[in-house]
Amino acid sequence: MIRVKRLKKTYGRTTVLQVPDWRLEPGSNAVLIGQNGAGKTTLLTLIAGLARPTSGSISVDGSLVGSRGAREVTTFVPDQPALFDDLTVQEQMLYVAKLNGQDEPTDFSVELVERLDATELLGRFPQAMSKGQRQKAGLLVGTARPFKVLLLDEPTTGLDATSRITLIETLAEFADHGGVVLSSTHDRELVEGATEVIEIEAGELGSQRDDD
Amino acid sequence: MSASPGSRLSDDLYSLYLAGLGWLLLPFYGDRMAELLPSDFSTIEPGVNIAVVVAVAAAVWLGWRGGPLVVSRAGVLHELASGASRRTMLYPRLLRQLVARSAIAAIGATIFLALSTPGEYTVSSSVTISLVAALAVAISVSQSMIWYLVFSTNEGRRPRVVAWAVLVPVVVLASLLGGRTFFDSTGLLSLLSLGLLSLGLALFGLTWTPVERLWSRARALETLRSSMQTVDFQQMLLDMRRVSDSPRVAGPQLARPWMPTFLWRQIAALQHGLSGQIARLGLAGGTIFLLLRFSDPSHGVVALSLAACVAVIGFDLAVPLAATADQIPFLVHYRAGSARVLQGQTLTALSIAMVIGGLLTAWLWSQSFDDAAGTMFLFLVGTLAALMQARIGSPDVAKWATTVGAGFIGPLLWGRALSGPLLLLGATVAISHQYFRPDEFGQTWGQLTAVIAFILAVVAMNPLEKSLR
């Protein structure tokens with residue numbers, strides 16, 4: 001589903017990420033681990049099409065990243081949720097769904113509302129939310145559109161214990177149904193629930209552990 | 001009906017309301033719209049050509065930074081990185097930018113004409129110069145979009161677009177060098193054609209929007225906003241570097257890429273430091289003195305210059321006051337429990353009024369008190385009206401009232417939002433009928449003037465938002 005070929009990302013003369021040929025197949029629930037600044041977020045934003053590789057290529061579901069085909073199947077939830085200030089969470093979910101040709105938010109996001117006990121957030125604006133609530137809202141809005149690949153940057157940060165476990169279980173179920181989840185995290189429980197653990201060290205993809 | 005960012009029904013209705021008022025302004029400049037004939041265009045001062053060129057340059061600079069090229073993180077992530085067409089997502093932003101900038105140019109050009117040729121300008125010349133300025137700015141904004149996209153995309157179609165993009169400024173420059181005026185029918189038609197061509201190119205180029213760059217800039221802008229709220233100038237300077245148009249966000253590029261780092265830091269420190277503030281105040285004060293000493297304040301352009309200098313002083317003095325209430329000058333930031341912020345805005349308005357009042361008092365001993373007072377009064381009315389509009393004209397108010405759940409506040413604030421433009425309109429009518437002209441000030445100071453000033457002051461400064469505590 002995700003294929004990376006000789007990827008390299010540099011800023012000036014500094015190489016921040018270097019990935020040889022690498023792929024994630026449908027059904028993967030993978031996590032990226034590594035120290036701060038190792039390149040986890042950079043890899044996620046490259047796959048999400050929000051950064052351009054210096055060299056090499058990435059394809060998602062057979063389409064080059066950034067193309068409409070790749071965008072249609074990829075969704076990204078950044079560590080700091082990207083939310084529209086002037087819409088309630090429910091309006092944002094509906095808006096995002098409609099942008100992607102759907103009349104209603106996905107079943108995934110609707111179910112996530114229940115699981116994260118976030119019904120009360122639906123009518124609220126982002127500015128009036130706590131960090132954890134914003135994190136939940138980011139997850140809901142990010143998953144309101146159809147997707148096959150779910151990219152998450154530190155998804156459990158700010159969530160309470162119950163919500164964290166619920167989210168981890170939900171991600172695993174999504175992968176079980178053939179989706180691809182790729183998360184960056186420092187959360188041990190999220191790592192333990194993953195099918196693949198990929199370590200990034202100083203911008204290079206290190207050991208890859210398959211827990212299946 | 002589903003909502004989308006910035007396109008709530010209430011916002012649209014409010015925009016419609018503002019546009020309607022804008023159209024209502026036109027008849028106040030005369031009832032001879034039908035007499036708009038090419039033969040009238042030759043009465044316009046040749047120097048206005050230069051003003052058009054200046055407007056073009058300013059719009060290029062502005063257009064480079066705003067509109068579809070400044071998208072929020074949410075916009076980049078959910079709109080540009082979605083399955084939707086990027087062009088479809090961005091062209092409304094481009095059109096809004098064009099309309100807004102063109103309207104500002106048209107209004108500015110009309111004011112310039114009215115003030116520089118008091119009693120002589122005609123309806124047709126007013127409409128024509130507005131049209132020319134609007135078209136010129138629309139062309140330049142489109143051009144800046146095209147060039148930005150050309151320089152920031154790796155697509156193979158670049159040479160063809162460059163050729164088209166070059167054609168437009170070449171035609172404009174050739175017209176200028178050939179002595180052709182933009183104010184006859186042929187010139188207007190040329191401008192219109194160039195405008196349509198530029199707009200088409202800009203819309204076409206939107207497909208290549210560099211999403212990765214917009215994402216980086218949107219992240220930097222959010223950080224910048226945060227550091228501005230905490231009045232952390234050091235962080236602001238760093239963030240401003242990241243927000244710059246440089247191709248490498250993490251690289252050593254600066255907001256002014258042609259300037260060495262050490263020099264930029266010195267200038268930035270001066271710009272935001274006490275010495276910079278003193279320099280600005282000194283410059284504005286000196287200019288006021290020179291204008292009063294060596295020019296005729298009853299002349300419209302001089303009066304406008306005086307008003308601009310006082311505006312600089314007023315806003316500079318307002319910064320520390322506004323900062324004490326977590327308010328950033330020139331930005332409106334509503335959020336739940338933002339009563340303190342709004343108090344800051346009131347303080348800002350108050351401080352400006354105090355500065356103006358002080359200056360007026362100082363001029364009591366001046367022989368040209370009527371002229372100076374008339375000028376300052378004109379400025380006071382404009383400032384108060386603008387402040388009120390900035391505070392309460394924003395459609396954010398609807399959202400804000402909803403957030404706090406105070407049902408009775410919504411209609412109250414909306415009433416004020418609706419009254420703001422009406423008061424501006426009233427001020428414009430009064431000005432167009434010479435009530436506020438400095439040279440007429442001594443003769444026409446009347447009840448109408450006093451009433452308008454009183455309403456503006458009360459509405460602009462009364463902190464209705466205290467009810468939200």
# chains A, B, ... in the order shown; residues from 1 in each chain; ligands from 1

call {"tool": "residues_around", "arguments": {"residues": "region 138-150 of chain A", "least_positions_apart": "2", "cutoff": "7 Å", "atoms": "only C-alpha atoms", "output": "PyMOL selection string"}}
result
chain A and resi 72-77+81-83+92-93+96-97+100+105-106+108-109+112-113+134-136+152+179-182

call {"tool": "interface_residues", "arguments": {"of": "chain A", "to": "chain B", "cutoff": "7 Å", "atoms": "only C-alpha atoms", "output": "PyMOL selection string"}}
result
chain A and resi 11-12+50-52+68+71-72+82-84+86-87+91+95-96+99-100+127-128

call {"tool": "select_by_dssp", "arguments": {"residues": "region 2-211 of chain A", "states": "strand (DSSP E)", "output": "MDAnalysis selection string"}}
result
chainID A and resid 2:11 14:19 22:24 29:33 55:60 63:64 74:77 149:153 180:184 196:201 204:210

call {"tool": "closest_residue", "arguments": {"among": "B:Ser295, B:Ser142, B:Ser198, B:Thr88", "to": "Arg101 (chain B)", "atoms": "only C-alpha atoms"}}
result
B:Ser142

call {"tool": "residues_around", "arguments": {"residues": "Ala106 (chain B)", "least_positions_apart": "6", "cutoff": "10 Å", "atoms": "only C-alpha atoms", "output": "ChimeraX atom specification"}}
result
/B:100,112,126-137

call {"tool": "atom_distance", "arguments": {"atom1": "CA of Thr195 (chain A)", "atom2": "CA of Leu43 (chain A)"}}
result
18.6 Å

call {"tool": "closest_residue", "arguments": {"among": "B:Ile146, B:Ile139, B:Ala105, B:Leu206", "to": "Arg87 (chain B)", "atoms": "only C-alpha atoms"}}
result
B:Leu206

call {"tool": "atom_distance", "arguments": {"atom1": "CA of Ser184 (chain A)", "atom2": "CA of Ser67 (chain A)"}}
result
23.5 Å

call {"tool": "residues_around", "arguments": {"residues": "Cys309 (chain B)", "least_positions_apart": "4", "cutoff": "8 Å", "atoms": "only C-alpha atoms", "output": "list in words"}}
result
Ala284, Gly285, Thr287, Ile288, Ser305 and Ile313 of chain B

call {"tool": "atom_distance", "arguments": {"atom1": "CA of Glu111 (chain A)", "atom2": "CA of Thr45 (chain A)"}}
result
26.2 Å
